[in-house]
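Peer 1: File data17.csv follows (CSV, C-alpha atoms and all ligand atoms):
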chain,number,residue,atom,x,y,z
A,1,MET,CA,123.1,158.3,199.9
A,2,PHE,CA,120.8,157.4,197.1
A,3,ILE,CA,121.0,160.9,195.7
A,4,ALA,CA,124.8,160.7,195.8
A,5,ILE,CA,124.7,157.5,193.8
A,6,GLU,CA,122.4,159.1,191.2
A,7,ILE,CA,124.7,162.2,190.9
A,8,ALA,CA,127.7,159.9,190.5
A,9,ALA,CA,125.8,158.0,187.8
A,10,VAL,CA,125.1,161.2,185.9
A,11,VAL,CA,128.7,162.3,186.1
A,12,LEU,CA,129.8,158.9,185.0
A,13,ALA,CA,127.4,158.9,182.1
A,14,ILE,CA,128.8,162.2,180.9
A,15,LEU,CA,132.4,161.1,181.3
A,16,THR,CA,131.8,157.9,179.4
A,17,ALA,CA,129.6,159.3,176.7
A,18,GLN,CA,131.5,159.1,173.5
A,19,ASP,CA,131.0,158.7,169.8
A,20,PRO,CA,129.8,155.2,168.9
A,21,GLN,CA,132.5,152.8,167.6
A,22,PRO,CA,132.2,152.3,163.8
A,23,SER,CA,130.1,149.2,163.2
A,24,GLN,CA,130.7,146.9,160.2
A,25,PRO,CA,128.0,147.2,157.5
A,26,GLY,CA,126.3,144.2,156.2
A,27,GLN,CA,125.7,142.3,159.4
A,28,SER,CA,121.9,142.3,160.1
A,29,ILE,CA,120.4,141.1,156.8
A,30,GLY,CA,116.7,141.7,156.3
A,31,HIS,CA,113.8,141.7,158.9
A,32,PRO,CA,114.1,140.3,162.4
A,33,TYR,CA,111.4,137.7,161.6
A,34,SER,CA,112.9,136.4,158.5
A,35,GLY,CA,116.4,137.6,158.0
A,36,ARG,CA,119.8,136.3,159.0
A,37,LEU,CA,123.1,137.4,160.5
A,38,LYS,CA,126.5,137.9,158.9
A,39,ARG,CA,129.8,138.6,160.5
A,40,PRO,CA,128.5,137.5,163.9
A,41,VAL,CA,130.0,138.5,167.2
A,42,ALA,CA,129.7,136.2,170.2
A,43,PHE,CA,128.4,137.7,173.5
A,44,PRO,CA,130.5,136.3,176.4
A,45,ALA,CA,128.9,133.6,178.5
A,46,THR,CA,129.8,135.5,181.7
A,47,SER,CA,131.3,138.7,183.1
A,48,PRO,CA,131.4,140.1,186.6
A,49,HIS,CA,128.0,141.6,185.7
A,50,HIS,CA,126.0,138.9,183.9
A,51,ILE,CA,125.5,135.3,183.3
A,52,THR,CA,123.9,133.8,180.2
A,53,GLN,CA,121.2,131.1,180.6
A,54,SER,CA,122.4,127.5,180.2
A,55,SER,CA,119.9,126.9,177.4
A,56,THR,CA,121.3,129.8,175.5
A,57,ARG,CA,124.8,128.4,175.9
A,58,ARG,CA,123.8,124.9,175.0
A,59,GLY,CA,121.9,126.1,171.9
A,60,ARG,CA,124.7,128.5,171.0
A,61,ILE,CA,122.1,131.3,170.8
A,62,TYR,CA,124.5,134.1,171.9
A,63,PHE,CA,125.5,135.8,168.6
A,64,GLY,CA,124.7,139.3,167.6
A,65,THR,CA,125.8,142.2,165.4
A,66,ASP,CA,128.8,143.9,166.8
A,67,TYR,CA,126.7,146.9,167.9
A,68,LEU,CA,124.2,144.7,169.8
A,69,VAL,CA,127.0,142.9,171.6
A,70,ARG,CA,128.7,146.3,172.5
A,71,PHE,CA,125.3,147.7,173.5
A,72,LEU,CA,124.6,144.8,175.8
A,73,SER,CA,128.1,144.7,177.3
A,74,ASP,CA,127.8,148.4,177.9
A,75,THR,CA,124.4,148.0,179.6
A,76,VAL,CA,125.4,145.3,182.0
A,77,ARG,CA,128.7,147.0,182.9
A,78,ARG,CA,127.1,150.4,183.5
A,79,LEU,CA,124.3,148.8,185.5
A,80,SER,CA,126.7,147.4,188.0
A,81,GLU,CA,128.7,150.7,188.1
A,82,THR,CA,125.7,152.9,188.7
A,83,MET,CA,123.8,150.5,191.0
A,84,PRO,CA,126.5,148.3,192.6
A,85,GLY,CA,125.7,145.3,194.8
A,86,GLY,CA,123.1,143.7,192.4
A,87,ALA,CA,123.1,140.1,191.3
A,88,ALA,CA,124.5,139.1,187.9
A,89,LEU,CA,122.0,139.9,185.2
A,90,SER,CA,120.5,136.9,183.5
A,91,VAL,CA,120.9,137.1,179.8
A,92,GLY,CA,118.9,134.8,177.5
A,93,ASN,CA,118.8,134.3,173.8
A,94,LEU,CA,120.4,136.5,171.2
A,95,SER,CA,120.7,134.9,167.7
A,96,LEU,CA,122.3,131.8,166.2
A,97,GLU,CA,125.7,132.2,164.6
A,98,SER,CA,124.2,132.6,161.1
A,99,GLY,CA,120.9,134.0,162.3
A,100,GLY,CA,117.5,132.6,161.2
A,101,ASN,CA,114.8,131.1,163.4
A,102,ILE,CA,115.5,130.2,167.0
A,103,PRO,CA,113.4,127.9,169.2
A,104,MET,CA,110.2,129.4,170.7
A,105,SER,CA,110.6,132.9,169.2
A,106,ARG,CA,109.3,134.6,166.1
A,107,SER,CA,112.1,137.1,165.9
A,108,HIS,CA,115.8,137.0,167.0
A,109,ASN,CA,116.7,136.2,163.3
A,110,THR,CA,119.2,139.0,162.6
A,111,GLY,CA,121.4,139.7,165.6
A,112,ARG,CA,119.4,142.7,166.9
A,113,ASP,CA,117.3,141.0,169.6
A,114,VAL,CA,118.2,139.9,173.1
A,115,ASP,CA,116.1,138.4,176.0
A,116,LEU,CA,116.9,139.4,179.6
A,117,GLY,CA,115.6,138.0,182.9
A,118,TYR,CA,113.8,140.6,184.9
A,119,ILE,CA,115.9,141.7,187.9
A,120,VAL,CA,114.6,140.3,191.1
A,121,GLU,CA,114.7,141.2,194.8
A,122,THR,CA,113.6,139.4,197.9
A,123,ALA,CA,110.6,140.5,199.9
A,124,SER,CA,113.0,142.5,202.2
A,125,GLY,CA,114.6,144.3,199.2
A,126,GLU,CA,117.8,142.3,198.9
A,127,PRO,CA,119.1,141.5,195.4
A,128,ALA,CA,118.3,137.9,194.4
A,129,PRO,CA,119.6,135.9,191.4
A,130,SER,CA,117.7,137.0,188.3
A,131,TYR,CA,116.2,133.7,187.2
A,132,TYR,CA,113.4,133.7,184.7
A,133,HIS,CA,110.7,134.1,187.3
A,134,SER,CA,107.3,135.1,186.0
A,135,PHE,CA,105.6,138.0,187.7
A,136,ARG,CA,102.1,138.8,188.6
A,137,LYS,CA,100.2,142.1,188.4
A,138,ASP,CA,101.3,143.1,191.9
A,139,GLY,CA,105.0,142.7,190.8
A,140,ARG,CA,105.5,139.5,192.9
A,141,SER,CA,106.9,136.3,191.5
A,142,THR,CA,104.2,133.9,190.3
A,143,GLU,CA,106.2,130.9,191.6
A,144,ALA,CA,107.2,132.3,195.0
A,145,PRO,CA,105.1,135.4,195.7
A,146,LYS,CA,106.1,135.7,199.3
A,147,ARG,CA,109.9,135.5,198.6
A,148,PHE,CA,110.5,137.3,195.3
A,149,ARG,CA,109.4,140.5,193.6
A,150,LEU,CA,110.5,142.7,190.7
A,151,ASP,CA,113.4,145.0,191.6
A,152,LEU,CA,111.7,148.1,190.0
A,153,ALA,CA,114.7,150.4,190.5
A,154,ARG,CA,117.1,148.1,188.6
A,155,ASN,CA,114.7,147.1,185.9
A,156,TRP,CA,114.0,150.7,185.2
A,157,ALA,CA,117.7,151.4,185.2
A,158,VAL,CA,118.2,148.7,182.5
A,159,PHE,CA,115.8,150.7,180.4
A,160,GLU,CA,117.4,154.0,181.2
A,161,LEU,CA,120.9,152.7,180.4
A,162,MET,CA,119.7,151.2,177.1
A,163,MET,CA,118.0,154.5,176.1
A,164,SER,CA,121.3,156.4,176.8
A,165,SER,CA,123.7,153.9,175.2
A,166,SER,CA,126.0,155.3,172.5
A,167,GLU,CA,126.5,151.9,171.1
A,168,ALA,CA,123.1,151.3,169.5
A,169,GLU,CA,119.6,152.8,169.6
A,170,LEU,CA,116.8,151.0,171.4
A,171,GLN,CA,113.8,150.2,169.2
A,172,TYR,CA,111.6,147.9,171.5
A,173,PHE,CA,111.7,147.1,175.2
A,174,ILE,CA,109.0,144.4,175.3
A,175,VAL,CA,107.4,143.7,178.6
A,176,ALA,CA,104.0,142.5,179.8
A,177,PRO,CA,101.6,145.5,179.8
A,178,TYR,CA,101.0,145.3,183.5
A,179,ILE,CA,104.8,145.3,184.2
A,180,GLU,CA,105.1,148.4,182.0
A,181,THR,CA,102.4,150.0,184.2
A,182,ILE,CA,104.3,149.1,187.4
A,183,LEU,CA,107.6,150.3,186.0
A,184,ILE,CA,106.2,153.7,184.8
A,185,LYS,CA,104.4,154.2,188.1
A,186,TRP,CA,107.6,153.6,189.9
A,187,ALA,CA,109.5,156.0,187.6
A,188,LYS,CA,106.9,158.8,188.2
A,189,ALA,CA,107.0,158.2,192.0
A,190,ASN,CA,110.8,158.4,192.0
A,191,GLY,CA,111.1,161.7,190.0
A,192,LYS,CA,112.5,160.2,186.8
A,193,ASP,CA,112.8,162.6,183.8
A,194,PRO,CA,109.3,163.2,182.4
A,195,GLU,CA,110.6,163.1,178.9
A,196,LEU,CA,112.2,159.7,179.5
A,197,ILE,CA,108.9,158.4,181.0
A,198,ARG,CA,107.0,159.7,177.9
A,199,ARG,CA,109.5,157.7,175.7
A,200,ALA,CA,109.1,154.7,178.0
A,201,GLU,CA,105.4,154.7,177.4
A,202,GLN,CA,106.1,154.3,173.7
A,203,VAL,CA,109.2,152.0,173.7
A,204,MET,CA,107.9,149.7,176.4
A,205,MET,CA,105.2,147.6,174.7
A,206,LEU,CA,103.8,144.3,173.9
A,207,PRO,CA,103.6,144.2,170.1
A,208,ALA,CA,100.9,142.0,168.5
A,209,TRP,CA,103.5,139.4,167.5
A,210,ALA,CA,105.0,138.9,170.9
A,211,LYS,CA,104.0,136.6,173.7
A,212,LEU,CA,103.1,137.9,177.2
A,213,HIS,CA,106.7,138.6,178.4
A,214,ASP,CA,105.8,138.2,182.1
A,215,ASN,CA,109.1,136.4,182.7
A,216,HIS,CA,111.6,138.3,180.6
A,217,ILE,CA,112.4,141.5,178.8
A,218,HIS,CA,113.0,141.4,175.1
A,219,ALA,CA,115.1,144.3,173.8
A,220,ARG,CA,115.6,145.1,170.1
A,221,VAL,CA,118.0,147.7,168.7
A,222,LEU,CA,117.6,149.6,165.5
A,223,CYS,CA,119.9,149.0,162.5
A,224,THR,CA,122.9,151.4,162.6
A,225,PRO,CA,122.8,153.7,159.5
A,226,GLU,CA,125.8,151.8,158.1
A,227,ASP,CA,124.1,148.5,158.4
A,228,TRP,CA,120.8,149.9,157.1
A,229,ALA,CA,122.7,151.3,154.1
A,230,GLU,CA,123.4,147.6,153.3
A,231,LYS,CA,120.5,145.3,153.9
A,232,CYS,CA,119.4,145.8,157.5
A,233,ASP,CA,115.6,146.3,157.7
A,234,ASN,CA,114.4,148.2,160.8
A,235,GLY,CA,111.0,146.6,160.3
A,236,GLY,CA,109.3,148.8,162.9
A,237,PRO,CA,109.3,152.2,164.5
A,238,VAL,CA,112.3,154.5,164.1
A,239,TRP,CA,111.6,156.9,167.1
A,240,PRO,CA,112.4,160.5,166.4
A,241,TRP,CA,114.8,160.6,169.4
A,242,ALA,CA,116.8,157.7,167.8
A,243,THR,CA,118.7,160.5,166.1
A,244,ARG,CA,121.3,158.5,164.2
A,245,MET,CA,118.8,156.3,162.4
A,246,ALA,CA,116.2,159.0,162.2
A,247,SER,CA,118.5,161.5,160.5
A,248,ALA,CA,119.7,158.8,158.0
A,249,LEU,CA,116.0,158.3,157.0
A,250,GLU,CA,115.5,162.1,156.9
A,251,ASP,CA,118.5,162.4,154.5
A,252,LEU,CA,117.1,159.8,152.2
A,253,ARG,CA,113.6,161.4,152.4
A,254,ARG,CA,115.0,164.8,151.2
A,255,GLU,CA,116.8,163.1,148.4
A,256,VAL,CA,113.8,161.1,147.1
A,257,VAL,CA,110.8,163.2,147.8
A,258,PRO,CA,111.3,165.8,144.9
A,259,ALA,CA,110.8,162.9,142.4
A,260,LEU,CA,107.3,162.3,143.8
A,261,ALA,CA,106.3,165.6,142.1
A,262,SER,CA,107.9,164.6,138.8
A,263,ALA,CA,105.7,164.9,135.7
A,264,ASP,CA,106.8,161.4,134.7
A,265,PRO,CA,104.7,158.7,136.4
A,266,ALA,CA,107.7,156.2,136.1
A,267,ALA,CA,109.8,158.6,138.2
A,268,ARG,CA,107.1,158.9,140.8
A,269,LEU,CA,106.8,155.2,140.9
A,270,ALA,CA,110.5,154.7,141.3
A,271,ALA,CA,110.6,157.1,144.2
A,272,LEU,CA,107.7,155.3,145.9
A,273,HIS,CA,109.6,152.0,145.5
A,274,THR,CA,112.7,153.5,147.1
A,275,ILE,CA,110.6,154.9,150.0
A,276,THR,CA,109.0,151.5,150.6
A,277,SER,CA,112.0,149.3,150.2
A,278,ARG,CA,114.2,151.4,152.5
A,279,GLY,CA,111.5,152.0,155.1
A,280,VAL,CA,111.6,155.8,154.9
A,281,GLY,CA,108.9,156.4,157.5
A,282,PRO,CA,109.2,160.2,157.6
A,283,ALA,CA,108.0,160.3,154.0
A,284,VAL,CA,104.4,159.1,154.8
A,285,THR,CA,103.1,162.7,154.7
A,286,ASP,CA,104.7,163.1,151.3
A,287,VAL,CA,103.1,159.9,150.0
A,288,VAL,CA,99.5,160.6,151.2
A,289,PRO,CA,98.7,163.0,148.3
A,290,LEU,CA,99.7,160.3,145.8
A,291,LEU,CA,96.7,158.3,146.9
A,292,THR,CA,94.7,160.5,144.4
A,293,ASP,CA,97.4,160.5,141.7
A,294,ALA,CA,96.3,160.6,138.1
A,295,ASP,CA,98.2,157.4,137.3
A,296,GLU,CA,96.6,154.2,138.5
A,297,LYS,CA,99.9,152.4,139.2
A,298,VAL,CA,101.2,155.3,141.2
A,299,ARG,CA,97.9,155.3,143.3
A,300,ALA,CA,98.3,151.6,144.0
A,301,GLU,CA,101.9,151.9,144.9
A,302,ALA,CA,101.2,154.9,147.2
A,303,GLU,CA,98.7,152.7,149.0
A,304,ASN,CA,101.3,149.9,149.3
A,305,ALA,CA,103.9,152.3,150.6
A,306,LEU,CA,101.6,153.6,153.3
A,307,VAL,CA,100.8,150.1,154.5
A,308,ALA,CA,104.4,149.1,154.5
A,309,LEU,CA,105.5,152.3,156.4
A,310,THR,CA,102.9,152.0,159.1
A,311,THR,CA,104.6,151.8,162.4
A,312,GLU,CA,104.0,153.1,165.9
A,313,VAL,CA,105.6,156.4,164.8
A,314,THR,CA,103.6,156.9,161.6
A,315,ALA,CA,100.3,155.2,162.4
A,316,GLN,CA,98.5,158.4,163.3
A,317,THR,CA,99.3,160.0,160.0
A,318,VAL,CA,98.1,156.9,158.2
A,319,LEU,CA,94.9,156.8,160.1
A,320,GLU,CA,94.2,160.5,159.2
A,321,ALA,CA,94.9,159.7,155.6
A,322,ALA,CA,92.3,156.9,155.8
A,323,PHE,CA,89.6,159.5,156.4
A,324,THR,CA,90.3,161.1,153.0
A,325,ALA,CA,90.9,158.0,151.0
A,326,SER,CA,88.4,155.9,149.0
A,327,PRO,CA,86.5,153.4,151.2
A,328,LYS,CA,88.5,150.4,149.9
A,329,VAL,CA,91.9,152.1,150.5
A,330,ALA,CA,90.7,153.4,153.8
A,331,ALA,CA,89.9,149.8,154.9
A,332,ARG,CA,93.4,148.7,154.2
A,333,LEU,CA,95.0,151.7,155.8
A,334,VAL,CA,92.9,151.4,159.0
A,335,ALA,CA,93.6,147.6,159.2
A,336,ALA,CA,97.4,148.4,159.1
A,337,ALA,CA,97.4,151.4,161.5
A,338,LEU,CA,94.7,150.6,164.0
A,339,PRO,CA,96.7,148.3,166.3
A,340,LEU,CA,99.8,150.6,166.3
A,341,ALA,CA,98.2,154.1,166.8
A,342,GLY,CA,97.8,154.3,170.6
A,343,ASP,CA,95.0,156.5,171.8
A,344,ASN,CA,94.2,157.7,168.4
A,345,GLY,CA,93.8,154.1,167.3
A,346,VAL,CA,91.4,153.6,170.2
A,347,ARG,CA,89.3,156.6,169.0
A,348,THR,CA,89.3,155.3,165.5
A,349,ALA,CA,88.3,151.9,166.7
A,350,ARG,CA,85.3,153.6,168.5
A,351,ALA,CA,84.4,155.3,165.2
A,352,VAL,CA,84.6,151.9,163.4
A,353,ILE,CA,82.3,150.2,165.9
A,354,ASP,CA,79.8,153.1,165.7
A,355,GLY,CA,79.9,152.9,161.9
A,356,ARG,CA,81.2,156.5,161.6
A,357,HIS,CA,84.4,155.6,159.8
A,358,PRO,CA,84.8,155.5,156.0
A,359,ALA,CA,86.5,152.1,156.3
A,360,VAL,CA,83.2,150.5,157.3
A,361,THR,CA,80.8,152.1,154.8
A,362,GLU,CA,78.8,150.3,152.1
A,363,GLY,CA,81.5,150.6,149.5
A,364,VAL,CA,83.9,148.4,151.4
A,365,PRO,CA,83.7,144.6,150.8
A,366,LYS,CA,82.0,142.8,153.7
A,367,LYS,CA,85.0,140.7,154.4
A,368,ASP,CA,87.2,143.8,154.9
A,369,ARG,CA,84.6,145.5,157.1
A,370,GLU,CA,84.4,142.4,159.3
A,371,LYS,CA,88.1,142.2,159.6
A,372,ILE,CA,88.4,145.8,160.7
A,373,THR,CA,85.5,145.5,163.1
A,374,ARG,CA,87.3,142.5,164.6
A,375,PHE,CA,90.5,144.5,165.0
A,376,ALA,CA,88.6,147.4,166.5
A,377,ASN,CA,86.8,145.2,169.0
A,378,ARG,CA,90.0,143.5,170.0
A,379,LEU,CA,91.7,146.9,170.5
A,380,LEU,CA,88.9,148.2,172.7
A,381,VAL,CA,88.9,145.2,174.9
A,382,SER,CA,92.6,145.6,175.7
A,383,HIS,CA,92.7,149.5,175.9
A,384,PRO,CA,90.9,151.9,178.2
A,385,ILE,CA,89.1,154.8,176.5
A,386,PRO,CA,91.5,157.7,176.4
A,387,PRO,CA,90.4,160.7,178.6
A,388,ASP,CA,89.4,163.1,175.9
A,389,ALA,CA,87.3,160.7,173.9
A,390,PRO,CA,83.6,160.7,174.3
A,391,SER,CA,82.6,157.6,176.3
A,392,SER,CA,79.3,155.9,175.3
A,393,SER,CA,78.7,154.3,178.7
A,394,PRO,CA,78.2,156.4,181.8
A,395,GLY,CA,80.5,155.5,184.7
A,401,ZN,ZN,112.8,137.4,172.8
Let me see the file written as structure tokens.
Ligand SMILES: [Zn+2]

Peer 2:
Amino acid sequence: MFIAIEIAAVVLAILTAQDPQPSQPGQSIGHPYSGRLKRPVAFPATSPHHITQSSTRRGRIYFGTDYLVRFLSDTVRRLSETMPGGAALSVGNLSLESGGNIPMSRSHNTGRDVDLGYIVETASGEPAPSYYHSFRKDGRSTEAPKRFRLDLARNWAVFELMMSSSEAELQYFIVAPYIETILIKWAKANGKDPELIRRAEQVMMLPAWAKLHDNHIHARVLCTPEDWAEKCDNGGPVWPWATRMASALEDLRREVVPALASADPAARLAALHTITSRGVGPAVTDVVPLLTDADEKVRAEAENALVALTTEVTAQTVLEAAFTASPKVAARLVAAALPLAGDNGVRTARAVIDGRHPAVTEGVPKKDREKITRFANRLLVSHPIPPDAPSSSPG
């Protein structure tokens, strides 16, 4: 029965896959922490598949870019089509009508963020209304552990549907780290596509700026290329599989990179400015050699560009660049990349603590060394040592 539903879901996904609707440019303005929203579209208060939180309705925090609203509508509709019989999905805050700060959140400023209650089931596996319960490490509700737990199949399905949406490309799926662990364990045990699981391990995260997220999921979508061509700032990772946005960046990279080799320092500088201001992450490898440019301004701008372009996607390259940079520059690059570099960040943190990294040598100001050591310690507390790294403590 379950297999039949899954096959039906795949067929449905193929039948409904279509080109994205054109989205209006100039909606999401700036960065999700500090920007605003233009040409807002209201997400409906209810549908047969969802209900928005009363505080979201009271505060009128239900506006988004047209592509976020279509993405969300598409997700809730396909969830009830592919897994019928569930409770209405609880949708929380999107953005205010003109964007800007909303209560209790650092982001949600530009119409690309949405909060969702985790989907809940009873102890006997019946769907339950998806209030904003918080959940413990065993997946049970903190408030009523005997009655409610995470509905892992449906919460995973929300992720899967968002990853396959043709309306927008998912940038973050923010959940508590232990909830990520439970969801991924469930997906592996239930034969989900290994490539999708690998992507989940990257897209599901708790960024440094976010609260614990033990009671809701926070999803953010990338800018569309049209919106980015205006003033939308992705402000974070553009995953290689987010092909629309990634290829728009690649196009701009190809256009700009030749100028980095220009004999004229002003042309090199201008190219670096473009790469930084447009967030052209794929250009990091092209920028690294300019850390040793003959021109001092170009060197400084190359350093700024690398710091600005450091995301979960580029952090490893930036960390590698730090090994060849001058101690002072290395310190800055490591500070930017360490928290975002995954296992490689953990290995680098180890090297920092052991004094084996150029970012903590004598030439680096004491203040910077202390800062990096603090970052490294914090990272090692929250991350296990990756398997292929030498471990200093036996057992
Ligand atoms: Zn949120």

Peer 1: Name the closest residue to ligand ZN 401 (chain A) among the candidates A:Ala210, A:Val203, A:Ala153, A:Val76; distances are taken between atoms, counting all atoms listed in the file.

Peer 2: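 Counting all atoms listed in the file, the residue closest to ligand ZN 401 (chain A) is A:Ala210.
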
Peer 1: Counting all atoms listed in the file, figure out which residue out of A:Ala331, A:Ala144, A:Ala157, A:Ile61 gets nearest to ligand ZN 401 (chain A).

Peer 2: A:Ile61

Peer 1: Restricting the calculation to all atoms listed in the file: of A:Ala305, A:Ala263, A:Ala229, A:Ala248, which residue gets closest to A:Thr276?

Peer 2: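 Among A:Ala305, A:Ala263, A:Ala229, A:Ala248, it is A:Ala305 that comes nearest to A:Thr276.
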
Peer 1: Residues of chain A that have any atom at most 10 Å from an atom of ligand ZN 401 (chain A): could you tabulate them with the shortest-distance atom pair and the distance in Å to one decimal, using only C-alpha atoms and all ligand atoms, ordered by chain and increasing number, as a Markdown table?

Peer 2:
| residue | atom | partner | partner_atom | distance |
| --- | --- | --- | --- | --- |
| A:Gly92 | CA | A:ZN401 | ZN | 8.1 |
| A:Asn93 | CA | A:ZN401 | ZN | 6.8 |
| A:Leu94 | CA | A:ZN401 | ZN | 7.8 |
| A:Ser95 | CA | A:ZN401 | ZN | 9.7 |
| A:Ile102 | CA | A:ZN401 | ZN | 9.6 |
| A:Met104 | CA | A:ZN401 | ZN | 8.7 |
| A:Ser105 | CA | A:ZN401 | ZN | 6.2 |
| A:Arg106 | CA | A:ZN401 | ZN | 8.1 |
| A:Ser107 | CA | A:ZN401 | ZN | 6.9 |
| A:His108 | CA | A:ZN401 | ZN | 6.5 |
| A:Asp113 | CA | A:ZN401 | ZN | 6.6 |
| A:Val114 | CA | A:ZN401 | ZN | 6.0 |
| A:Asp115 | CA | A:ZN401 | ZN | 4.7 |
| A:Leu116 | CA | A:ZN401 | ZN | 8.2 |
| A:Ile174 | CA | A:ZN401 | ZN | 8.3 |
| A:Ala210 | CA | A:ZN401 | ZN | 8.2 |
| A:Lys211 | CA | A:ZN401 | ZN | 8.9 |
| A:His213 | CA | A:ZN401 | ZN | 8.4 |
| A:His216 | CA | A:ZN401 | ZN | 7.9 |
| A:Ile217 | CA | A:ZN401 | ZN | 7.3 |
| A:His218 | CA | A:ZN401 | ZN | 4.6 |
| A:Ala219 | CA | A:ZN401 | ZN | 7.3 |
| A:Arg220 | CA | A:ZN401 | ZN | 8.6 |

Peer 1: Between atom CA of A:Lys192 and atom CA of A:Val120, what is the distance in Å, rounded to a tenth?

Peer 2: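 So the answer is 20.5 Å.
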
Peer 1: Rounded to one decimal, what separation in Å do you get between atom CA of A:Ser164 and atom CA of A:Ile29?

Peer 2: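 Going from atom CA of A:Ser164 over to atom CA of A:Ile29, I get 25.2 Å.
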
Peer 1: Hey, what's within 12 Å of A:Val307 if we count all atoms listed in the file and toss same-chain stuff fewer than 2 positions away? As a PyMOL selection string, please?

Peer 2: chain A and resi 275-276+279+281+284+287-288+291+300-305+309-311+314-315+317-319+321-322+329-338+340

Peer 1: Between A:Leu260, A:Leu79, A:Ala200, A:Ala351, which one has atoms that come closest to A:Val158, using only C-alpha atoms?

Peer 2: A:Leu79

Peer 1: Report the distance between atom CA of A:Ser90 and atom CA of A:Phe159 in Å, rounded to one decimal place.

Peer 2: 14.9 Å

Peer 1: Give me the residues within 12 Å of A:Ala294 as number ranges by chain, counting all atoms listed in the file and dropping any in the same chain fewer than 4 places off.

Peer 2: A: 261, 263-265, 268, 289-290, 298-300, 302

Peer 1: Considering all atoms listed in the file, state which residue in the set A:Cys232, A:Leu150, A:Ala242, A:Val352 is at the smallest distance from A:Gln27.

Peer 2: A:Cys232

Peer 1: Name the closest residue to A:Leu161 among the candidates A:Asp354, A:Asp343, A:Asp74, A:Glu362; distances are taken between atoms, counting all atoms listed in the file.

Peer 2: A:Asp74
